[in-house]
file coords_6.tsv (TSV, C-alpha atoms)
chain	number	residue	atom	x	y	z
K	1	MET	CA	-17.88	-13.25	37.72
K	2	ARG	CA	-20.66	-11.06	36.35
K	3	ALA	CA	-18.13	-8.42	35.32
K	4	ARG	CA	-15.99	-11.03	33.55
K	5	LEU	CA	-18.97	-12.44	31.70
K	6	ALA	CA	-19.94	-8.93	30.59
K	7	ALA	CA	-16.39	-8.31	29.35
K	8	TRP	CA	-16.38	-11.56	27.36
K	9	ALA	CA	-19.80	-10.74	25.95
K	10	PHE	CA	-18.55	-7.41	24.62
K	11	ALA	CA	-15.37	-9.01	23.26
K	12	ALA	CA	-17.15	-11.96	21.63
K	13	PRO	CA	-18.45	-10.17	18.46
K	14	LEU	CA	-15.02	-8.68	17.70
K	15	SER	CA	-13.28	-11.98	18.40
K	16	ALA	CA	-15.66	-13.82	16.10
K	17	TYR	CA	-15.13	-11.24	13.38
K	18	LEU	CA	-11.33	-11.53	13.65
K	19	LEU	CA	-11.48	-15.32	13.55
K	20	ILE	CA	-13.79	-15.45	10.52
K	21	SER	CA	-12.33	-12.57	8.50
K	22	TYR	CA	-8.61	-12.86	9.35
K	23	ALA	CA	-7.57	-16.03	11.15
K	24	TYR	CA	-9.46	-18.49	8.94
K	25	PRO	CA	-8.38	-16.94	5.58
K	26	LEU	CA	-4.79	-16.82	6.87
K	27	TYR	CA	-4.92	-20.48	7.87
K	28	THR	CA	-6.44	-21.39	4.49
K	29	THR	CA	-3.71	-19.53	2.60
K	30	VAL	CA	-0.92	-21.26	4.52
K	31	GLU	CA	-2.65	-24.65	4.11
K	32	LEU	CA	-2.98	-24.09	0.37
K	33	SER	CA	0.72	-23.26	0.09
K	34	LEU	CA	1.72	-26.56	1.73
K	35	ARG	CA	-0.36	-28.87	-0.48
K	36	GLY	CA	-0.37	-29.84	-4.14
K	37	TYR	CA	-3.79	-28.60	-5.13
K	38	THR	CA	-5.30	-29.08	-8.58
K	39	VAL	CA	-8.73	-28.04	-9.79
K	40	ARG	CA	-10.07	-31.51	-8.97
K	41	THR	CA	-8.56	-31.73	-5.47
K	42	PHE	CA	-9.54	-28.12	-4.80
K	43	VAL	CA	-13.19	-29.06	-5.34
K	44	ARG	CA	-13.24	-32.60	-3.95
K	45	GLY	CA	-10.44	-32.37	-1.41
K	46	GLY	CA	-7.65	-34.85	-0.79
K	47	ALA	CA	-4.73	-32.71	-2.01
K	48	PRO	CA	-1.39	-34.32	-1.05
K	49	PHE	CA	0.89	-32.61	1.44
K	50	VAL	CA	4.01	-31.34	-0.36
K	51	GLY	CA	5.66	-29.31	2.39
K	52	LEU	CA	7.82	-26.47	1.08
K	53	ASP	CA	7.84	-27.67	-2.53
K	54	ASN	CA	5.57	-24.83	-3.63
K	55	TYR	CA	7.91	-22.28	-2.05
K	56	VAL	CA	10.92	-23.89	-3.73
K	57	ALA	CA	9.14	-23.74	-7.09
K	58	VAL	CA	8.25	-20.08	-6.56
K	59	PHE	CA	11.76	-19.06	-5.52
K	60	ALA	CA	13.28	-20.95	-8.46
K	61	ASP	CA	10.97	-19.31	-10.99
K	62	PRO	CA	12.74	-16.55	-12.98
K	63	ALA	CA	9.60	-14.43	-12.68
K	64	PHE	CA	10.03	-14.31	-8.89
K	65	ARG	CA	13.13	-12.11	-9.08
K	66	THR	CA	11.40	-9.70	-11.45
K	67	ALA	CA	8.29	-9.56	-9.27
K	68	VAL	CA	10.35	-8.90	-6.12
K	69	LEU	CA	12.37	-6.14	-7.79
K	70	ASN	CA	9.24	-4.48	-9.17
K	71	THR	CA	7.52	-4.77	-5.78
K	72	VAL	CA	10.46	-3.13	-4.00
K	73	LEU	CA	10.69	-0.28	-6.52
K	74	PHE	CA	6.94	0.23	-6.60
K	75	THR	CA	6.68	0.24	-2.80
K	76	VAL	CA	9.74	2.35	-1.94
K	77	VAL	CA	9.11	5.03	-4.56
K	78	SER	CA	5.40	5.19	-3.75
K	79	LEU	CA	5.97	5.51	-0.01
K	80	GLY	CA	8.71	8.10	-0.45
K	81	PHE	CA	6.68	10.42	-2.66
K	82	GLN	CA	3.39	9.85	-0.82
K	83	TYR	CA	4.94	10.71	2.53
K	84	THR	CA	6.94	13.70	1.25
K	85	ILE	CA	4.07	15.28	-0.66
K	86	GLY	CA	1.58	14.46	2.13
K	87	LEU	CA	3.85	16.05	4.76
K	88	ALA	CA	4.37	19.17	2.65
K	89	LEU	CA	0.60	19.55	2.18
K	90	ALA	CA	-0.05	18.90	5.88
K	91	VAL	CA	2.38	21.66	6.86
K	92	PHE	CA	0.77	23.94	4.28
K	93	PHE	CA	-2.78	23.35	5.56
K	94	ALA	CA	-1.71	23.64	9.20
K	95	ARG	CA	-1.64	27.43	8.71
K	96	ASP	CA	-5.47	27.60	8.77
K	97	PHE	CA	-6.05	30.06	5.95
K	98	PRO	CA	-9.45	30.80	4.35
K	99	LEU	CA	-10.94	27.84	2.41
K	100	SER	CA	-8.40	25.51	4.08
K	101	ALA	CA	-11.08	22.98	5.06
K	102	THR	CA	-12.62	23.02	1.58
K	103	LEU	CA	-9.30	22.39	-0.14
K	104	ARG	CA	-8.47	19.58	2.27
K	105	ALA	CA	-11.81	17.95	1.47
K	106	LEU	CA	-11.05	18.18	-2.26
K	107	PHE	CA	-7.68	16.52	-1.74
K	108	LEU	CA	-9.51	13.52	-0.25
K	109	VAL	CA	-11.29	12.73	-3.52
K	110	PRO	CA	-8.54	10.42	-4.94
K	111	TRP	CA	-8.54	8.43	-1.71
K	112	LEU	CA	-12.34	8.09	-1.59
K	113	LEU	CA	-12.77	6.93	-5.19
K	114	PRO	CA	-12.96	3.17	-5.82
K	115	LEU	CA	-9.66	1.81	-7.10
K	116	ILE	CA	-11.32	0.54	-10.27
K	117	VAL	CA	-12.48	4.07	-11.09
K	118	SER	CA	-9.06	5.59	-10.35
K	119	ALA	CA	-7.25	2.93	-12.37
K	120	SER	CA	-9.59	3.34	-15.34
K	121	THR	CA	-9.15	7.11	-15.23
K	122	TRP	CA	-5.37	6.86	-15.25
K	123	ALA	CA	-5.47	4.24	-18.01
K	124	TRP	CA	-7.46	6.73	-20.11
K	125	LEU	CA	-5.13	9.63	-19.27
K	126	LEU	CA	-2.01	7.63	-20.17
K	127	ASN	CA	-3.42	5.98	-23.30
K	128	SER	CA	-0.77	6.07	-26.03
K	129	GLU	CA	-3.13	7.14	-28.82
K	130	SER	CA	-5.93	9.17	-27.24
K	131	GLY	CA	-4.62	9.95	-23.75
K	132	LEU	CA	-4.70	13.46	-22.36
K	133	VAL	CA	-1.08	13.29	-21.18
K	134	ASN	CA	0.29	12.54	-24.66
K	135	ALA	CA	-1.95	15.25	-26.09
K	136	ALA	CA	-0.37	17.73	-23.67
K	137	LEU	CA	3.11	16.53	-24.65
K	138	ALA	CA	2.27	16.96	-28.33
K	139	ALA	CA	1.01	20.48	-27.63
K	140	VAL	CA	4.46	21.52	-26.37
K	141	GLY	CA	6.31	19.75	-29.18
K	142	LEU	CA	7.35	16.56	-27.38
K	143	ASP	CA	7.05	13.03	-28.71
K	144	PRO	CA	4.31	10.77	-27.31
K	145	VAL	CA	5.22	8.15	-24.73
K	146	ASN	CA	3.90	4.60	-24.61
K	147	TRP	CA	3.08	4.83	-20.91
K	148	LEU	CA	1.24	1.54	-20.55
K	149	THR	CA	2.68	-0.56	-23.39
K	150	SER	CA	6.41	0.14	-23.03
K	151	PRO	CA	8.48	-2.04	-20.65
K	152	SER	CA	10.44	1.08	-19.69
K	153	TRP	CA	7.39	3.11	-18.67
K	154	SER	CA	4.72	0.69	-17.44
K	155	LEU	CA	6.03	0.46	-13.85
K	156	VAL	CA	6.54	4.23	-13.78
K	157	SER	CA	2.93	4.76	-14.87
K	158	VAL	CA	1.36	2.56	-12.20
K	159	THR	CA	3.66	4.08	-9.57
K	160	ILE	CA	2.55	7.60	-10.47
K	161	ALA	CA	-1.10	6.55	-10.22
K	162	ASN	CA	-0.49	4.90	-6.84
K	163	ILE	CA	1.27	8.01	-5.51
K	164	TRP	CA	-1.73	10.11	-6.53
K	165	ILE	CA	-4.07	7.76	-4.67
K	166	GLY	CA	-1.96	7.55	-1.49
K	167	VAL	CA	-1.13	11.23	-0.93
K	168	PRO	CA	-4.53	12.11	0.65
K	169	PHE	CA	-4.13	9.40	3.31
K	170	ASN	CA	-0.72	10.74	4.28
K	171	LEU	CA	-2.11	14.27	4.29
K	172	VAL	CA	-4.97	13.40	6.68
K	173	VAL	CA	-2.87	11.42	9.17
K	174	LEU	CA	0.09	13.81	9.21
K	175	TYR	CA	-2.19	16.85	9.45
K	176	SER	CA	-3.84	15.28	12.50
K	177	GLY	CA	-0.40	14.69	13.98
K	178	LEU	CA	0.61	18.29	13.43
K	179	ARG	CA	-2.54	19.50	15.19
K	180	THR	CA	-1.60	17.55	18.32
K	181	ILE	CA	1.72	19.41	18.74
K	182	PRO	CA	1.25	22.13	21.40
K	183	PRO	CA	1.58	25.65	19.94
K	184	GLU	CA	3.66	26.62	22.98
K	185	VAL	CA	6.50	24.51	21.60
K	186	HIS	CA	6.67	26.55	18.41
K	187	GLU	CA	6.36	29.79	20.36
K	188	ALA	CA	9.29	28.79	22.57
K	189	SER	CA	11.30	27.90	19.48
K	190	ALA	CA	10.57	31.29	17.93
K	191	LEU	CA	11.62	33.06	21.15
K	192	ASP	CA	14.92	31.17	21.02
K	193	GLY	CA	15.53	32.65	17.57
K	194	ALA	CA	14.84	29.58	15.43
K	195	GLY	CA	13.61	30.16	11.90
K	196	GLY	CA	10.85	28.30	10.11
K	197	TRP	CA	13.08	25.57	8.68
K	198	GLN	CA	15.00	25.14	11.96
K	199	THR	CA	11.74	24.84	13.89
K	200	PHE	CA	10.43	22.22	11.49
K	201	ARG	CA	13.69	20.24	11.44
K	202	HIS	CA	14.48	20.24	15.16
K	203	VAL	CA	11.03	20.54	16.75
K	204	THR	CA	8.10	19.67	14.49
K	205	PHE	CA	9.54	16.71	12.60
K	206	PRO	CA	10.97	14.90	15.68
K	207	MET	CA	7.64	15.28	17.50
K	208	LEU	CA	5.89	13.90	14.43
K	209	ARG	CA	7.94	10.67	14.32
K	210	PRO	CA	5.36	8.40	16.03
K	211	VAL	CA	2.67	9.50	13.56
K	212	SER	CA	5.12	9.20	10.68
K	213	ALA	CA	5.99	5.64	11.70
K	214	ILE	CA	2.40	4.42	11.72
K	215	THR	CA	1.71	6.27	8.45
K	216	LEU	CA	4.62	4.56	6.70
K	217	LEU	CA	3.68	1.17	8.18
K	218	LEU	CA	0.10	1.38	6.96
K	219	GLY	CA	1.31	2.68	3.62
K	220	LEU	CA	3.71	-0.26	3.32
K	221	VAL	CA	1.01	-2.84	4.03
K	222	TYR	CA	-1.40	-1.16	1.61
K	223	THR	CA	1.16	-0.78	-1.19
K	224	LEU	CA	2.38	-4.37	-0.97
K	225	LYS	CA	-1.12	-5.66	-1.69
K	226	VAL	CA	-2.02	-3.23	-4.48
K	227	PHE	CA	-3.58	-5.34	-7.22
K	228	ASP	CA	-6.59	-3.59	-8.77
K	229	LEU	CA	-4.65	-0.55	-9.94
K	230	ILE	CA	-1.89	-2.48	-11.69
K	231	TRP	CA	-4.18	-5.11	-13.16
K	232	VAL	CA	-6.57	-2.60	-14.70
K	233	MET	CA	-3.81	-0.39	-16.10
K	234	THR	CA	-1.22	-2.87	-17.40
K	235	ARG	CA	-2.16	-6.40	-16.24
K	236	GLY	CA	1.43	-6.69	-15.05
K	237	GLY	CA	2.82	-6.26	-18.55
K	238	PRO	CA	4.20	-5.83	-21.00
K	239	SER	CA	6.48	-8.87	-20.58
K	240	GLY	CA	6.17	-8.72	-16.80
K	241	SER	CA	7.68	-5.24	-16.57
K	242	SER	CA	5.05	-4.09	-14.06
K	243	THR	CA	4.37	-7.44	-12.38
K	244	THR	CA	4.49	-7.32	-8.59
K	245	LEU	CA	4.10	-10.13	-6.08
K	246	ALA	CA	0.41	-9.31	-5.70
K	247	THR	CA	-0.35	-9.51	-9.43
K	248	TRP	CA	1.91	-12.52	-9.91
K	249	SER	CA	0.05	-14.38	-7.15
K	250	TYR	CA	-3.21	-13.76	-9.00
K	251	GLU	CA	-1.69	-14.84	-12.33
K	252	LEU	CA	-0.46	-18.11	-10.85
K	253	GLY	CA	-3.81	-18.93	-9.33
K	254	PHE	CA	-6.26	-17.63	-11.93
K	255	GLY	CA	-4.38	-16.31	-14.96
K	256	GLY	CA	-3.69	-19.55	-16.79
K	257	ALA	CA	-5.54	-22.53	-18.18
K	258	LEU	CA	-4.11	-24.72	-15.39
K	259	PRO	CA	-4.38	-22.89	-12.05
K	260	ARG	CA	-1.42	-23.30	-9.70
K	261	PHE	CA	-3.13	-22.77	-6.37
K	262	GLY	CA	-0.19	-23.90	-4.25
K	263	PRO	CA	2.45	-21.54	-5.68
K	264	SER	CA	-0.12	-18.74	-5.75
K	265	ALA	CA	-0.81	-19.20	-2.04
K	266	ALA	CA	2.95	-19.39	-1.39
K	267	VAL	CA	3.45	-15.95	-2.94
K	268	GLY	CA	0.55	-14.62	-0.87
K	269	THR	CA	2.12	-16.07	2.28
K	270	VAL	CA	5.40	-14.31	1.46
K	271	LEU	CA	3.53	-11.00	1.29
K	272	ILE	CA	1.86	-11.74	4.62
K	273	LEU	CA	5.23	-12.50	6.23
K	274	VAL	CA	6.75	-9.27	4.93
K	275	SER	CA	3.84	-7.27	6.37
K	276	LEU	CA	4.09	-9.18	9.65
K	277	VAL	CA	7.82	-8.47	9.95
K	278	ALA	CA	7.21	-4.77	9.30
K	279	GLY	CA	4.51	-4.70	11.97
K	280	LEU	CA	6.74	-6.46	14.51
K	281	CYS	CA	9.60	-4.04	13.80
K	282	TYR	CA	7.25	-1.11	14.35
K	283	ALA	CA	5.99	-2.57	17.62
K	284	ARG	CA	9.56	-3.19	18.78
K	285	VAL	CA	10.63	0.37	18.00
K	286	GLN	CA	7.60	1.83	19.75
K	287	GLU	CA	8.24	-0.35	22.80
K	288	ARG	CA	11.83	0.87	23.07
K	289	ARG	CA	10.71	4.48	22.81
call {"tool": "encode", "arguments": {"input": "coords_6.tsv", "output": "structure tokens"}}
result
Amino acid sequence: MRARLAAWAFAAPLSAYLLISYAYPLYTTVELSLRGYTVRTFVRGGAPFVGLDNYVAVFADPAFRTAVLNTVLFTVVSLGFQYTIGLALAVFFARDFPLSATLRALFLVPWLLPLIVSASTWAWLLNSESGLVNAALAAVGLDPVNWLTSPSWSLVSVTIANIWIGVPFNLVVLYSGLRTIPPEVHEASALDGAGGWQTFRHVTFPMLRPVSAITLLLGLVYTLKVFDLIWVMTRGGPSGSSTTLATWSYELGFGGALPRFGPSAAVGTVLILVSLVAGLCYARVQERR
């Protein structure tokens, strides 16, 4: 009994933290999405229960299809480039050359900076009139690009910025995974006559799959909820060309004169469900392995 009480005592702070910081906000979001809240009922209470009406309104909104498409493109392209570049850098730094630790520390700077700072920096770099990128294009004789104000380039711009921010995380996790692979495996591969690419393809990469899976899962959850970066750079515009589900949820709840708390919470619940499904798929795959 004493041992059980001690175990519960150690688990109590973490359990309380999870309930307050995760379970209660999740319950509140779902409850908001099932009621017809207005500003008055949000303050005084008494919002009527509307069931799935908020979800129906969200799915029927033409902006929903645009937000979903932008979210898919933004997430898939970001994850693909972040993982590929991070893996290439991890393999490069795994050689342990002079100044390797210093360079790895410098690569962490984009990840350590606050998102507001990173977004403001990229907004300045990609400014149509005074941005450094357009100045470089003009220097080589190319026409300037409206990176943040053109519907054709706004999503590309925020995706590039998000890739830059996410590469250090992939580098750190994948580098740690590479360090856990026993060197004897590579030595045996070399003795069997395998070259560098063959060793990476048939030995290193398969042994790195568990680390790769958790890296992509965490990257997916993080990318789905990216809001600060897009909002600071483009505010989801122009004409919704860079609107994702995260920014659209904020616009519904706080971007207009009449807040739509129910539909906003419904969009947030959709994002939570997508992340939950991804987590369950990862757990299922790991269990089978």
call {"tool": "residues_near_point", "arguments": {"input": "coords_6.tsv", "point": "(-11.3, 7.7, -7.0)", "cutoff": "12 Å", "atoms": "all atoms listed in the file", "output": "ChimeraX atom specification"}}
result
/K:106-122,161-162,164-166,168,229
call {"tool": "closest_residue", "arguments": {"input": "coords_6.tsv", "among": "K:Ser189, K:Ser239, K:Val226, K:Gly177", "to": "Ala94 of chain K", "atoms": "all atoms listed in the file"}}
result
K:Gly177
call {"tool": "closest_residue", "arguments": {"input": "coords_6.tsv", "among": "K:Tyr83, K:Pro210, K:Leu148, K:Gly141", "to": "Ser128 of chain K", "atoms": "only C-alpha atoms"}}
result
K:Leu148
call {"tool": "closest_residue", "arguments": {"input": "coords_6.tsv", "among": "K:Leu280, K:Gly240, K:Ile181, K:Thr159", "to": "Ser78 of chain K", "atoms": "only C-alpha atoms"}}
result
K:Thr159
call {"tool": "closest_residue", "arguments": {"input": "coords_6.tsv", "among": "K:Val145, K:Leu137, K:Ser154, K:Asn127", "to": "Pro238 of chain K", "atoms": "only C-alpha atoms"}}
result
K:Ser154
call {"tool": "atom_distance", "arguments": {"input": "coords_6.tsv", "atom1": "atom CA of Tyr55 of chain K", "atom2": "atom CA of Leu34 of chain K"}}
result
8.4 Å
call {"tool": "atom_distance", "arguments": {"input": "coords_6.tsv", "atom1": "atom CA of Trp147 of chain K", "atom2": "atom CA of Val270 of chain K"}}
result
29.5 Å
call {"tool": "closest_residue", "arguments": {"input": "coords_6.tsv", "among": "K:Ser264, K:Asn134, K:Thr38, K:Thr199", "to": "Leu252 of chain K", "atoms": "all atoms listed in the file"}}
result
K:Ser264
call {"tool": "closest_residue", "arguments": {"input": "coords_6.tsv", "among": "K:Ala9, K:Ala63, K:Phe261, K:Leu87", "to": "Gly36 of chain K", "atoms": "all atoms listed in the file"}}
result
K:Phe261
call {"tool": "residues_around", "arguments": {"input": "coords_6.tsv", "residues": "Ser152 of chain K", "least_positions_apart": "6", "cutoff": "10 Å", "atoms": "only C-alpha atoms", "output": "list in words"}}
result
Asn146, Pro238, Ser241 and Ser242 of chain K
call {"tool": "atom_distance", "arguments": {"input": "coords_6.tsv", "atom1": "atom CA of Thr29 of chain K", "atom2": "atom CA of Leu271 of chain K"}}
result
11.3 Å
call {"tool": "closest_atom_pairs", "arguments": {"input": "coords_6.tsv", "of": "segment 74-131 of chain K", "to": "segment 212-225 of chain K", "cutoff": "9 Å", "atoms": "only C-alpha atoms", "output": "tab-separated table"}}
result
residue	atom	partner	partner_atom	distance
K:Phe74	CA	K:Thr223	CA	8.0
K:Thr75	CA	K:Thr223	CA	5.8
K:Val76	CA	K:Leu220	CA	8.4
K:Ser78	CA	K:Thr223	CA	7.8
K:Leu79	CA	K:Gly219	CA	6.5
K:Gly80	CA	K:Leu216	CA	9.0
K:Gln82	CA	K:Gly219	CA	8.7
K:Tyr83	CA	K:Leu216	CA	7.4
call {"tool": "write_last_selection", "arguments": {"input": "coords_6.tsv", "atoms": "C-alpha atoms", "output": "compact mmCIF listing (two decimals), in the frame of the given file"}}
result
# COMPACT_ATOMS: atom_id res chain seq x y z
CA PHE K 74 6.94 0.23 -6.60
CA THR K 75 6.68 0.24 -2.80
CA VAL K 76 9.74 2.35 -1.94
CA SER K 78 5.40 5.19 -3.75
CA LEU K 79 5.97 5.51 -0.01
CA GLY K 80 8.71 8.10 -0.45
CA GLN K 82 3.39 9.85 -0.82
CA TYR K 83 4.94 10.71 2.53
call {"tool": "residues_around", "arguments": {"input": "coords_6.tsv", "residues": "Val50 of chain K", "least_positions_apart": "2", "cutoff": "12 Å", "atoms": "all atoms listed in the file", "output": "list in words"}}
result
Glu31, Leu32, Ser33, Leu34, Arg35, Gly36, Tyr37, Ala47, Pro48, Leu52, Asp53, Asn54, Tyr55, Val56, Ala57, Gly262 and Pro263 of chain K
